[in-house]
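**Q** Data: model.cif, mmCIF, C-alpha atoms and all ligand atoms.
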data_work
#
loop_
_atom_site.label_atom_id
_atom_site.label_comp_id
_atom_site.auth_asym_id
_atom_site.auth_seq_id
_atom_site.Cartn_x
_atom_site.Cartn_y
_atom_site.Cartn_z
CA MET Q 1 39.84 23.43 -26.45
CA ALA Q 2 41.83 24.28 -23.29
CA SER Q 3 39.71 25.66 -20.47
CA LYS Q 4 39.96 29.26 -19.41
CA ILE Q 5 41.04 28.88 -15.78
CA CYS Q 6 41.13 31.41 -12.96
CA VAL Q 7 42.23 30.73 -9.41
CA ILE Q 8 39.72 32.00 -6.85
CA MET Q 9 40.64 32.60 -3.24
CA PRO Q 10 38.43 33.56 -0.32
CA ALA Q 11 40.69 35.35 2.13
CA TYR Q 12 40.12 36.69 5.60
CA ASN Q 13 42.91 38.09 7.74
CA ALA Q 14 45.59 36.16 5.87
CA GLU Q 15 48.27 38.86 5.57
CA GLU Q 16 51.05 36.57 6.80
CA THR Q 17 50.64 34.01 4.06
CA ILE Q 18 48.73 35.39 1.11
CA GLY Q 19 51.64 37.18 -0.65
CA PRO Q 20 53.80 34.13 -1.47
CA VAL Q 21 50.67 32.03 -2.15
CA VAL Q 22 49.50 34.48 -4.83
CA SER Q 23 52.93 34.81 -6.46
CA GLY Q 24 53.31 31.02 -6.45
CA ILE Q 25 49.94 30.63 -8.19
CA LEU Q 26 50.78 33.19 -10.87
CA LYS Q 27 53.58 30.89 -12.08
CA HIS Q 28 50.88 28.44 -13.19
CA VAL Q 29 47.80 30.50 -14.16
CA SER Q 30 47.50 34.06 -15.34
CA ARG Q 31 44.84 35.29 -12.94
CA VAL Q 32 44.08 35.10 -9.23
CA LEU Q 33 40.89 36.63 -7.91
CA VAL Q 34 40.74 37.17 -4.15
CA ALA Q 35 37.52 37.87 -2.23
CA ASP Q 36 38.22 39.72 0.99
CA ASP Q 37 35.21 40.39 3.17
CA GLY Q 38 36.25 42.78 5.86
CA SER Q 39 39.76 41.66 6.81
CA THR Q 40 41.09 43.93 9.50
CA ASP Q 41 44.73 43.40 8.45
CA GLN Q 42 46.71 44.01 5.25
CA THR Q 43 45.38 40.96 3.34
CA ALA Q 44 43.91 42.96 0.44
CA ARG Q 45 46.96 45.20 -0.04
CA ILE Q 46 49.45 42.34 0.11
CA ALA Q 47 47.39 40.18 -2.27
CA ALA Q 48 47.15 43.05 -4.77
CA GLU Q 49 50.88 43.77 -4.53
CA ALA Q 50 51.60 40.11 -5.24
CA GLY Q 51 49.53 40.35 -8.44
CA ALA Q 52 46.01 39.26 -7.47
CA GLU Q 53 42.86 41.17 -8.25
CA VAL Q 54 40.92 41.78 -5.05
CA ILE Q 55 37.15 42.00 -4.68
CA HIS Q 56 36.14 43.79 -1.49
CA ILE Q 57 32.88 42.36 -0.21
CA GLY Q 58 32.52 44.51 2.90
CA LYS Q 59 31.02 42.88 5.96
CA ASN Q 60 32.50 39.52 6.99
CA ARG Q 61 30.15 36.70 6.01
CA GLY Q 62 32.36 33.62 5.86
CA LYS Q 63 34.14 31.51 3.29
CA GLY Q 64 31.01 30.20 1.54
CA PRO Q 65 29.50 33.56 0.58
CA ALA Q 66 32.95 34.71 -0.60
CA LEU Q 67 33.16 31.63 -2.84
CA LYS Q 68 29.71 32.40 -4.26
CA VAL Q 69 30.78 35.94 -5.18
CA LEU Q 70 33.88 34.51 -6.84
CA PHE Q 71 31.87 31.93 -8.83
CA GLN Q 72 29.51 34.64 -10.06
CA ARG Q 73 32.26 37.08 -11.00
CA THR Q 74 34.35 34.52 -12.89
CA ALA Q 75 31.27 33.19 -14.73
CA ASP Q 76 30.32 36.76 -15.73
CA GLU Q 77 33.84 37.26 -17.05
CA GLY Q 78 33.55 34.21 -19.28
CA TYR Q 79 35.71 31.72 -17.39
CA ASP Q 80 34.53 28.13 -17.65
CA THR Q 81 36.71 26.66 -14.91
CA VAL Q 82 37.99 27.87 -11.57
CA ILE Q 83 40.44 26.45 -9.05
CA SER Q 84 39.70 27.38 -5.45
CA MET Q 85 42.62 27.69 -3.06
CA ASP Q 86 43.08 28.82 0.51
CA ALA Q 87 45.10 31.89 1.39
CA ASP Q 88 46.73 30.41 4.48
CA GLY Q 89 49.46 28.43 2.72
CA GLN Q 90 47.84 25.02 3.18
CA HIS Q 91 47.60 24.55 -0.58
CA ASP Q 92 50.83 24.39 -2.53
CA PRO Q 93 50.61 26.24 -5.88
CA LYS Q 94 53.10 23.72 -7.32
CA GLU Q 95 50.24 21.20 -7.24
CA ILE Q 96 48.02 23.26 -9.60
CA PRO Q 97 49.27 21.39 -12.72
CA ARG Q 98 47.90 18.14 -11.25
CA PHE Q 99 44.43 19.65 -11.14
CA ILE Q 100 44.75 20.96 -14.69
CA ALA Q 101 45.91 17.52 -15.90
CA ALA Q 102 43.01 15.78 -14.13
CA HIS Q 103 40.63 18.34 -15.64
CA ALA Q 104 41.96 17.63 -19.15
CA GLU Q 105 41.12 13.94 -18.58
CA ALA Q 106 37.66 14.64 -17.10
CA PRO Q 107 36.48 18.14 -18.07
CA ASP Q 108 33.02 17.82 -16.53
CA ASP Q 109 34.15 16.54 -13.12
CA ILE Q 110 34.83 18.43 -9.95
CA ILE Q 111 38.44 17.69 -9.00
CA VAL Q 112 39.10 17.66 -5.27
CA GLY Q 113 42.49 17.60 -3.55
CA SER Q 114 42.97 14.72 -1.16
CA ARG Q 115 45.27 14.88 1.84
CA MET Q 116 44.41 11.39 2.98
CA SER Q 117 47.71 9.81 1.92
CA GLU Q 118 49.40 12.15 4.40
CA HIS Q 119 46.89 11.72 7.19
CA GLY Q 120 49.67 11.38 9.77
CA LYS Q 121 50.27 15.11 9.35
CA ILE Q 122 46.65 16.04 10.05
CA PRO Q 123 45.71 16.77 13.68
CA ARG Q 124 43.75 13.84 15.08
CA ALA Q 125 40.58 15.80 15.90
CA ARG Q 126 40.52 17.32 12.42
CA PHE Q 127 41.11 13.93 10.81
CA ASN Q 128 38.22 12.41 12.75
CA SER Q 129 35.81 15.12 11.64
CA MET Q 130 37.06 14.72 8.04
CA HIS Q 131 36.44 10.98 8.25
CA VAL Q 132 32.89 11.32 9.57
CA ALA Q 133 31.97 14.13 7.20
CA ARG Q 134 33.29 12.02 4.34
CA PHE Q 135 31.03 9.09 5.24
CA SER Q 136 27.86 11.17 5.06
CA ILE Q 137 28.83 13.52 2.23
CA CYS Q 138 29.73 10.51 0.08
CA ILE Q 139 26.24 9.12 0.66
CA GLY Q 140 24.76 12.46 -0.38
CA ALA Q 141 27.08 12.57 -3.41
CA ASN Q 142 26.43 8.93 -4.41
CA GLN Q 143 30.12 8.18 -4.74
CA PHE Q 144 33.35 7.92 -2.82
CA VAL Q 145 35.33 11.13 -2.48
CA GLU Q 146 38.63 10.72 -0.64
CA ASP Q 147 38.74 14.08 1.10
CA THR Q 148 35.45 15.93 1.22
CA GLN Q 149 36.77 18.76 3.39
CA CYS Q 150 39.63 19.97 1.21
CA GLY Q 151 39.22 23.48 -0.20
CA PHE Q 152 41.78 22.95 -3.00
CA ARG Q 153 39.41 22.10 -5.85
CA LEU Q 154 38.75 22.59 -9.51
CA TYR Q 155 35.17 23.42 -10.44
CA PRO Q 156 33.60 23.50 -13.92
CA LEU Q 157 31.45 26.63 -13.60
CA ALA Q 158 28.66 25.20 -15.76
CA LEU Q 159 28.13 22.57 -13.07
CA ILE Q 160 28.12 25.14 -10.27
CA GLN Q 161 25.48 27.13 -12.15
CA LYS Q 162 23.18 24.11 -12.14
CA MET Q 163 22.84 24.35 -8.35
CA LYS Q 164 21.58 26.90 -5.91
CA LEU Q 165 23.99 27.43 -3.05
CA THR Q 166 22.06 28.24 0.08
CA GLN Q 167 24.57 27.62 2.87
CA ASP Q 168 27.39 29.72 4.30
CA ARG Q 169 30.65 29.59 6.29
CA TYR Q 170 32.33 26.23 5.67
CA VAL Q 171 29.09 24.43 4.85
CA THR Q 172 29.00 25.64 1.24
CA GLU Q 173 31.81 23.32 0.15
CA SER Q 174 30.01 20.25 1.55
CA GLU Q 175 26.79 21.48 -0.06
CA ILE Q 176 28.50 21.69 -3.45
CA LEU Q 177 29.81 18.12 -3.33
CA MET Q 178 26.50 16.61 -2.24
CA LYS Q 179 24.48 18.54 -4.81
CA ALA Q 180 26.92 17.87 -7.65
CA GLY Q 181 27.07 14.14 -6.96
CA ASP Q 182 23.34 14.00 -6.31
CA MET Q 183 22.76 15.45 -9.80
CA GLY Q 184 24.90 12.72 -11.34
CA ALA Q 185 28.19 14.60 -11.71
CA LEU Q 186 31.47 12.85 -10.95
CA ILE Q 187 33.98 13.98 -8.36
CA THR Q 188 37.60 13.02 -8.99
CA SER Q 189 40.33 13.08 -6.37
CA VAL Q 190 43.95 14.12 -6.83
CA ARG Q 191 46.49 13.46 -4.11
CA ILE Q 192 48.01 16.57 -2.54
CA GLY Q 193 50.19 17.22 0.48
CA ALA Q 194 48.72 18.00 3.89
CA VAL Q 195 50.09 21.21 5.36
CA TYR Q 196 49.28 21.98 8.97
CA GLY Q 197 51.61 24.68 10.22
CA SER Q 198 51.23 27.51 12.67
CA HIS Q 199 48.82 29.43 10.41
CA GLY Q 200 45.71 30.80 12.09
CA SER Q 201 42.47 29.01 11.26
CA HIS Q 202 39.02 30.60 11.26
CA PHE Q 203 37.36 27.18 11.46
CA LYS Q 204 35.60 26.77 14.81
CA PRO Q 205 35.97 23.06 15.61
CA VAL Q 206 32.70 22.67 17.50
CA MET Q 207 30.45 25.28 15.88
CA ASP Q 208 31.51 24.71 12.29
CA VAL Q 209 31.36 20.94 12.65
CA ALA Q 210 27.86 21.39 14.11
CA TYR Q 211 26.76 23.59 11.18
CA ILE Q 212 28.11 21.11 8.64
CA THR Q 213 26.55 18.19 10.50
CA ALA Q 214 23.13 19.85 10.71
CA TYR Q 215 23.13 20.60 6.99
CA ILE Q 216 24.25 17.10 6.04
CA ILE Q 217 21.52 15.57 8.18
CA SER Q 218 18.84 17.84 6.74
CA TYR Q 219 20.08 17.09 3.20
CA LEU Q 220 20.13 13.33 3.71
CA MET Q 221 16.69 13.33 5.32
CA VAL Q 222 15.27 14.89 2.16
CA LYS Q 223 17.30 12.54 -0.06
CA PHE Q 224 16.20 9.45 1.86
CA THR Q 225 12.56 10.56 1.77
CA ILE Q 226 12.69 11.06 -2.02
CA GLU Q 227 14.59 7.82 -2.67
CA GLY Q 228 12.40 5.91 -0.23
CA LEU Q 229 9.26 6.96 -2.05
CA SER Q 230 10.50 6.52 -5.62
CA SER Q 231 11.53 3.67 -7.80
CA ASN Q 232 15.11 3.29 -9.08
CA ARG Q 233 16.14 6.79 -8.17
CA CYS Q 234 19.72 7.55 -7.05
CA PHE Q 235 19.97 11.21 -7.96
CA THR Q 236 17.57 13.47 -6.13
CA TYR Q 237 18.91 17.00 -6.49
CA SER Q 238 17.69 19.58 -8.98
CA LYS Q 239 18.01 23.35 -8.73
CA ASN Q 240 15.28 25.07 -6.73
CA ASN Q 241 13.95 21.81 -5.35
CA PHE Q 242 12.15 21.67 -2.01
CA ARG Q 243 15.41 21.80 0.01
CA ASP Q 244 16.67 24.83 -1.96
CA ARG Q 245 13.40 26.65 -1.44
CA ILE Q 246 13.74 26.14 2.31
CA GLY Q 247 17.39 27.24 2.15
CA ARG Q 248 16.42 30.56 0.62
CA PHE Q 249 15.01 31.77 3.93
CA LYS Q 250 17.61 31.71 6.69
CA ILE Q 251 15.18 31.34 9.58
CA ILE Q 252 13.13 28.58 7.95
CA ASP Q 253 16.37 26.86 6.93
CA ARG Q 254 17.57 26.93 10.54
CA ILE Q 255 14.24 25.63 11.90
CA PHE Q 256 14.26 22.83 9.32
CA LYS Q 257 17.82 21.80 10.29
CA ILE Q 258 17.00 21.79 14.00
CA ALA Q 259 13.82 19.80 13.35
CA THR Q 260 15.69 17.18 11.30
CA VAL Q 261 18.47 16.89 13.89
CA LEU Q 262 15.95 16.45 16.71
CA THR Q 263 13.93 13.82 14.86
CA ILE Q 264 16.72 11.72 13.36
CA MET Q 265 16.23 8.70 15.58
CA PRO Q 266 12.50 8.16 14.83
CA ALA Q 267 13.23 9.06 11.21
CA THR Q 268 15.85 6.31 11.06
CA VAL Q 269 13.25 3.79 12.15
CA LEU Q 270 10.76 5.18 9.65
CA PHE Q 271 13.28 4.95 6.77
CA TRP Q 272 14.14 1.42 7.80
CA LEU Q 273 10.45 0.45 7.73
CA MET Q 274 10.10 2.07 4.30
CA PHE Q 275 13.16 0.09 3.14
CA VAL Q 276 11.71 -3.20 4.35
CA LEU Q 277 7.99 -2.74 3.69
CA LEU Q 278 7.67 -0.61 0.56
CA PRO Q 279 9.54 -2.59 -2.15
CA PRO Q 280 6.44 -4.64 -3.16
CA PHE Q 281 4.74 -1.31 -3.95
CA ILE Q 282 7.74 0.84 -4.94
CA LYS Q 283 10.30 -1.28 -6.78
CA ASN Q 284 13.93 -0.73 -5.82
CA ASN Q 285 13.28 2.21 -3.57
CA PHE Q 286 16.40 3.63 -1.83
CA ALA Q 287 18.19 2.70 -5.06
CA SER Q 288 21.49 4.33 -4.08
CA MET Q 289 21.56 2.50 -0.76
CA ARG Q 290 20.79 -0.99 -2.03
CA LYS Q 291 24.23 -1.28 -3.66
CA PHE Q 292 26.17 -1.48 -0.42
CA LYS Q 293 27.23 -4.62 1.36
CA TYR Q 294 26.49 -2.89 4.69
CA SER Q 295 22.99 -3.09 6.05
CA PHE Q 296 20.75 -0.12 5.39
CA PHE Q 297 19.98 0.12 9.07
CA LYS Q 298 23.69 0.42 9.98
CA ILE Q 299 24.22 3.09 7.33
CA THR Q 300 21.28 5.25 8.29
CA LEU Q 301 22.05 4.77 11.96
CA ALA Q 302 25.64 5.97 11.40
CA THR Q 303 24.35 8.98 9.49
CA HIS Q 304 21.89 9.73 12.19
CA MET Q 305 24.38 9.25 14.98
CA LEU Q 306 26.26 12.39 13.93
CA PRO Q 307 24.94 14.41 16.89
CA VAL Q 308 26.08 11.59 19.20
CA ILE Q 309 29.63 12.12 17.98
CA LEU Q 310 29.36 15.78 18.78
CA ILE Q 311 28.21 14.88 22.28
CA ILE Q 312 31.15 12.45 22.72
CA ILE Q 313 33.62 15.11 21.52
CA ILE Q 314 32.20 17.75 23.86
CA SER Q 315 32.20 15.25 26.77
CA GLU Q 316 35.84 14.33 26.08
CA LYS Q 317 36.74 18.02 26.05
CA LEU Q 318 34.90 18.74 29.31
CA LEU Q 319 36.45 15.68 31.00
CA SER Q 320 39.92 16.74 29.89
CA LEU Q 321 39.31 20.11 31.57
CA VAL Q 322 38.97 18.31 34.90
CA GLY Q 323 41.99 16.12 34.17
CA ILE Q 324 40.20 12.94 33.06
CA ARG Q 325 41.61 11.50 29.80
CA PHE Q 326 38.93 9.61 27.97
CA ARG Q 327 39.43 8.77 24.32
CA TYR Q 328 36.67 6.75 22.81
CA ILE Q 329 36.04 8.80 19.72
CA ASP Q 330 38.77 7.30 17.48
CA ARG Q 331 37.52 3.75 18.01
CA PHE Q 332 33.91 4.85 17.64
CA ILE Q 333 34.58 6.51 14.30
CA GLU Q 334 36.63 3.61 12.92
CA LYS Q 335 33.87 1.19 13.83
CA PHE Q 336 30.83 3.07 12.62
CA TYR Q 337 32.02 5.08 9.62
CA PRO Q 338 33.53 2.72 7.01
CA ASN Q 339 34.20 3.51 3.37
CA LEU Q 340 31.02 2.09 1.85
CA TRP Q 341 32.60 2.00 -1.60
CA GLY Q 342 35.81 0.25 -0.45
N1 LIG O 401 36.57 35.90 2.44
C1 LIG O 401 36.61 35.08 3.49
N2 LIG O 401 37.49 34.07 3.50
C2 LIG O 401 37.52 33.26 4.58
C3 LIG O 401 36.67 33.43 5.69
N3 LIG O 401 36.94 32.46 6.60
C4 LIG O 401 37.93 31.72 6.08
N4 LIG O 401 38.28 32.22 4.86
C5 LIG O 401 39.34 31.75 3.99
O1 LIG O 401 39.08 30.40 3.67
C6 LIG O 401 40.29 29.66 3.64
C7 LIG O 401 40.20 28.51 4.59
O2 LIG O 401 39.98 29.00 5.90
P1 LIG O 401 40.54 28.28 7.20
O3 LIG O 401 40.04 29.06 8.37
O4 LIG O 401 42.00 28.07 7.08
O5 LIG O 401 39.76 26.90 7.17
P2 LIG O 401 40.30 25.44 6.93
O6 LIG O 401 41.52 25.47 6.06
O7 LIG O 401 39.16 24.63 6.48
O8 LIG O 401 40.68 25.03 8.41
P3 LIG O 401 42.11 24.62 8.98
O9 LIG O 401 42.38 23.26 8.41
O10 LIG O 401 41.95 24.63 10.46
O11 LIG O 401 43.08 25.66 8.49
C8 LIG O 401 41.41 30.66 3.95
O12 LIG O 401 41.92 31.15 2.74
C9 LIG O 401 40.69 31.77 4.70
O13 LIG O 401 41.34 33.01 4.57
C10 LIG O 401 35.76 34.53 5.65
O14 LIG O 401 35.00 34.77 6.57
N5 LIG O 401 35.78 35.31 4.54
MG MG O 402 43.21 26.57 6.62
#
If you took the structure in this file and wrote it as structure tokens, what would it be?

**A**
Amino acid sequence: MASKICVIMPAYNAEETIGPVVSGILKHVSRVLVADDGSTDQTARIAAEAGAEVIHIGKNRGKGPALKVLFQRTADEGYDTVISMDADGQHDPKEIPRFIAAHAEAPDDIIVGSRMSEHGKIPRARFNSMHVARFSICIGANQFVEDTQCGFRLYPLALIQKMKLTQDRYVTESEILMKAGDMGALITSVRIGAVYGSHGSHFKPVMDVAYITAYIISYLMVKFTIEGLSSNRCFTYSKNNFRDRIGRFKIIDRIFKIATVLTIMPATVLFWLMFVLLPPFIKNNFASMRKFKYSFFKITLATHMLPVILIIIISEKLLSLVGIRFRYIDRFIEKFYPNLWG
């Protein structure tokens, strides 16, 4: 049976682009649901005039919470599948049929757009953060995903309902991939074009990268602890697990993230000792990590060096302010963040 598909679109101050995006989408699917949380421009009016239905959420709370509202609404309305797209024109509606075709082949998978074949069009700094995020999110998701930061995705709603989404802003989309893969779901990539024009972005390169990094670290710390202490276990996520319960309370969630970021170096050593010393007692612990040809120490070190990258990026920025050009980050990332599945 063909899936009932709705396009969902978080939108914030996107009046310049949202009109043509919505009309383009309506050539491929019959419904577009936009979640606008407090845009101060004409986003909602223009989206509605172009044929979308607009949910007004009120106070601005970021892309993630808007996505959650859209998941809930479409599930309540009986949709089984949604395609998420951005309102800023970075996702070409003409590529929707590719997602639908991939979904027909693999109805239970999340389908994620990948811009990696056009990486020359992606600004260098953005590409670097995509590359690093990919390394760690793929470990969380137990599989290789070409482009973990692309918002053009198809989601089976039944899968989304199996997880609790606790994060906000741009972190939610990383959270979804790690949790889905860490439950055993598959994530399929479809190649799409990379569009980087003069559109305004709400992504804050330092802050949002820091939020995503802190969540990934806190997620992987829990995953490594569970895998390290259990036998033959690759998939560690289940709804309302320990990490979800922490995530329910914003303050505790924040304290937990800061604590994991501050203790990553000793934790790396501890995980390495568990990897080396525990197998006689816990057979095949760190099951997901034992498959790689890279050493466990290198992998965990790379994961745990994420804050170091942030420090290098900030230092490069500060040095450039005083006229010193220092570019180490590209080489650093190429060296330490390989595709473990390649
Ligand atoms: N409802 C809602 N939507 C948002 C919010 N922030 C961003 N969005 C939408 O999320 C989509 C992606 O946002 P962008 O700021 O372009 O983020 P990005 O595409 O990851 O970053 P760039 O590659 O720099 O464009 C767009 O459709 C935005 O309108 C928000 O606070 N609320
Ligand atoms: Mg964008």

**Q** Between CA of Phe326 (chain Q) and CA of Pro123 (chain Q), measure the distance and give it in Å to one decimal.

**A**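 Computing the Euclidean distance for CA of Phe326 (chain Q) and CA of Pro123 (chain Q) yields 17.4 Å.
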
**Q** Pick out the residues no farther than 7 Å from ligand LIG 401 (chain O), counting only C-alpha atoms and all ligand atoms, and list them as a short mmCIF file (atom, residue, chain, number, x, y, z; two decimals) with C-alpha atoms, in the coordinates of the input.

**A**
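Here's the written file out06.cif:
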data_model
loop_
_atom_site.label_atom_id
_atom_site.label_comp_id
_atom_site.auth_asym_id
_atom_site.auth_seq_id
_atom_site.Cartn_x
_atom_site.Cartn_y
_atom_site.Cartn_z
CA MET Q 9 40.64 32.60 -3.24
CA PRO Q 10 38.43 33.56 -0.32
CA ALA Q 11 40.69 35.35 2.13
CA TYR Q 12 40.12 36.69 5.60
CA ASN Q 13 42.91 38.09 7.74
CA ALA Q 14 45.59 36.16 5.87
CA ALA Q 35 37.52 37.87 -2.23
CA ASP Q 36 38.22 39.72 0.99
CA ASP Q 37 35.21 40.39 3.17
CA ASN Q 60 32.50 39.52 6.99
CA ARG Q 61 30.15 36.70 6.01
CA GLY Q 62 32.36 33.62 5.86
CA LYS Q 63 34.14 31.51 3.29
CA ALA Q 66 32.95 34.71 -0.60
CA MET Q 85 42.62 27.69 -3.06
CA ASP Q 86 43.08 28.82 0.51
CA ALA Q 87 45.10 31.89 1.39
CA ASP Q 88 46.73 30.41 4.48
CA GLN Q 90 47.84 25.02 3.18
CA GLY Q 151 39.22 23.48 -0.20
CA ARG Q 169 30.65 29.59 6.29
CA GLY Q 200 45.71 30.80 12.09
CA SER Q 201 42.47 29.01 11.26
CA HIS Q 202 39.02 30.60 11.26
CA PHE Q 203 37.36 27.18 11.46
#

**Q** Contacts between region 205-221 of chain Q and region 138-168 of chain Q, please, where a residue of region 138-168 of chain Q counts if it comes within 9 Å (with only C-alpha atoms); show its shortest atom pair and distance in Å to one decimal, rows by chain and ascending number, as a Markdown table.

**A**
| residue | atom | partner | partner_atom | distance |
| --- | --- | --- | --- | --- |
| Q:Ile139 | CA | Q:Leu220 | CA | 8.0 |
| Q:Gly140 | CA | Q:Leu220 | CA | 6.2 |
| Q:Gln167 | CA | Q:Tyr215 | CA | 8.3 |

**Q** Name the residues in contact with region 179-194 of chain Q at a cut-off of 8 Å, using all atoms listed in the file, excluding same-chain residues fewer than 6 positions from it; report them as a PyMOL selection string.

**A** chain Q and resi 90-92+95+98-99+102+108-119+121-122+140-143+145-147+159-160+163+234-238

**Q** Generate the output file for the selected residues, C-alpha atoms, as a compact mmCIF listing (two decimals), in the coordinates of the input.

**A**
# COMPACT_ATOMS: atom_id res chain seq x y z
CA GLN Q 90 47.84 25.02 3.18
CA HIS Q 91 47.60 24.55 -0.58
CA ASP Q 92 50.83 24.39 -2.53
CA GLU Q 95 50.24 21.20 -7.24
CA ARG Q 98 47.90 18.14 -11.25
CA PHE Q 99 44.43 19.65 -11.14
CA ALA Q 102 43.01 15.78 -14.13
CA ASP Q 108 33.02 17.82 -16.53
CA ASP Q 109 34.15 16.54 -13.12
CA ILE Q 110 34.83 18.43 -9.95
CA ILE Q 111 38.44 17.69 -9.00
CA VAL Q 112 39.10 17.66 -5.27
CA GLY Q 113 42.49 17.60 -3.55
CA SER Q 114 42.97 14.72 -1.16
CA ARG Q 115 45.27 14.88 1.84
CA MET Q 116 44.41 11.39 2.98
CA SER Q 117 47.71 9.81 1.92
CA GLU Q 118 49.40 12.15 4.40
CA HIS Q 119 46.89 11.72 7.19
CA LYS Q 121 50.27 15.11 9.35
CA ILE Q 122 46.65 16.04 10.05
CA GLY Q 140 24.76 12.46 -0.38
CA ALA Q 141 27.08 12.57 -3.41
CA ASN Q 142 26.43 8.93 -4.41
CA GLN Q 143 30.12 8.18 -4.74
CA VAL Q 145 35.33 11.13 -2.48
CA GLU Q 146 38.63 10.72 -0.64
CA ASP Q 147 38.74 14.08 1.10
CA LEU Q 159 28.13 22.57 -13.07
CA ILE Q 160 28.12 25.14 -10.27
CA MET Q 163 22.84 24.35 -8.35
CA CYS Q 234 19.72 7.55 -7.05
CA PHE Q 235 19.97 11.21 -7.96
CA THR Q 236 17.57 13.47 -6.13
CA TYR Q 237 18.91 17.00 -6.49
CA SER Q 238 17.69 19.58 -8.98

**Q** In Å to one decimal, how far is CA of Asn241 (chain Q) from CA of Thr166 (chain Q)?

**A**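 Atom-to-atom, CA of Thr166 (chain Q) and CA of Asn241 (chain Q) are spaced 11.7 Å apart.
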
**Q** Could you list, as an MDAnalysis selection string, every residue within 8 Å of Cys138 (chain Q), counting all atoms listed in the file and ignoring same-chain residues fewer than 6 positions away?

**A** chainID Q and resid 144:145 148 178

**Q** Taking the partial coordinates given, rebuild region 78-90 of chain Q to contain N, CA and C atoms; return it as a PDB file, keeping the file's coordinate frame.

**A**
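That gives us out_15.pdb:
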ATOM      1  N   GLY Q  78      33.387  35.170 -18.189  1.00  0.00           N
ATOM      2  CA  GLY Q  78      33.550  34.210 -19.280  1.00  0.00           C
ATOM      3  C   GLY Q  78      34.486  33.049 -18.980  1.00  0.00           C
ATOM      4  N   TYR Q  79      34.921  32.912 -17.722  1.00  0.00           N
ATOM      5  CA  TYR Q  79      35.710  31.720 -17.390  1.00  0.00           C
ATOM      6  C   TYR Q  79      34.806  30.511 -17.388  1.00  0.00           C
ATOM      7  N   ASP Q  80      35.367  29.339 -17.764  1.00  0.00           N
ATOM      8  CA  ASP Q  80      34.530  28.130 -17.650  1.00  0.00           C
ATOM      9  C   ASP Q  80      34.980  27.237 -16.520  1.00  0.00           C
ATOM     10  N   THR Q  81      36.162  27.525 -15.955  1.00  0.00           N
ATOM     11  CA  THR Q  81      36.710  26.660 -14.910  1.00  0.00           C
ATOM     12  C   THR Q  81      37.412  27.512 -13.874  1.00  0.00           C
ATOM     13  N   VAL Q  82      37.238  27.167 -12.610  1.00  0.00           N
ATOM     14  CA  VAL Q  82      37.990  27.870 -11.570  1.00  0.00           C
ATOM     15  C   VAL Q  82      38.665  26.849 -10.656  1.00  0.00           C
ATOM     16  N   ILE Q  83      39.784  27.275 -10.077  1.00  0.00           N
ATOM     17  CA  ILE Q  83      40.440  26.450  -9.050  1.00  0.00           C
ATOM     18  C   ILE Q  83      40.362  27.256  -7.761  1.00  0.00           C
ATOM     19  N   SER Q  84      39.778  26.665  -6.729  1.00  0.00           N
ATOM     20  CA  SER Q  84      39.700  27.380  -5.450  1.00  0.00           C
ATOM     21  C   SER Q  84      40.887  26.974  -4.582  1.00  0.00           C
ATOM     22  N   MET Q  85      41.488  27.966  -3.962  1.00  0.00           N
ATOM     23  CA  MET Q  85      42.620  27.690  -3.060  1.00  0.00           C
ATOM     24  C   MET Q  85      42.515  28.555  -1.821  1.00  0.00           C
ATOM     25  N   ASP Q  86      43.082  28.054  -0.728  1.00  0.00           N
ATOM     26  CA  ASP Q  86      43.080  28.820   0.510  1.00  0.00           C
ATOM     27  C   ASP Q  86      44.253  29.792   0.544  1.00  0.00           C
ATOM     28  N   ALA Q  87      44.082  30.841   1.333  1.00  0.00           N
ATOM     29  CA  ALA Q  87      45.100  31.890   1.390  1.00  0.00           C
ATOM     30  C   ALA Q  87      46.125  31.635   2.490  1.00  0.00           C
ATOM     31  N   ASP Q  88      45.885  30.574   3.286  1.00  0.00           N
ATOM     32  CA  ASP Q  88      46.730  30.410   4.480  1.00  0.00           C
ATOM     33  C   ASP Q  88      47.946  29.508   4.272  1.00  0.00           C
ATOM     34  N   GLY Q  89      48.249  29.202   3.014  1.00  0.00           N
ATOM     35  CA  GLY Q  89      49.460  28.430   2.720  1.00  0.00           C
ATOM     36  C   GLY Q  89      49.279  26.937   2.849  1.00  0.00           C
ATOM     37  N   GLN Q  90      48.050  26.477   3.063  1.00  0.00           N
ATOM     38  CA  GLN Q  90      47.840  25.020   3.180  1.00  0.00           C
ATOM     39  C   GLN Q  90      47.775  24.337   1.819  1.00  0.00           C
TER      40      GLN Q  90
END
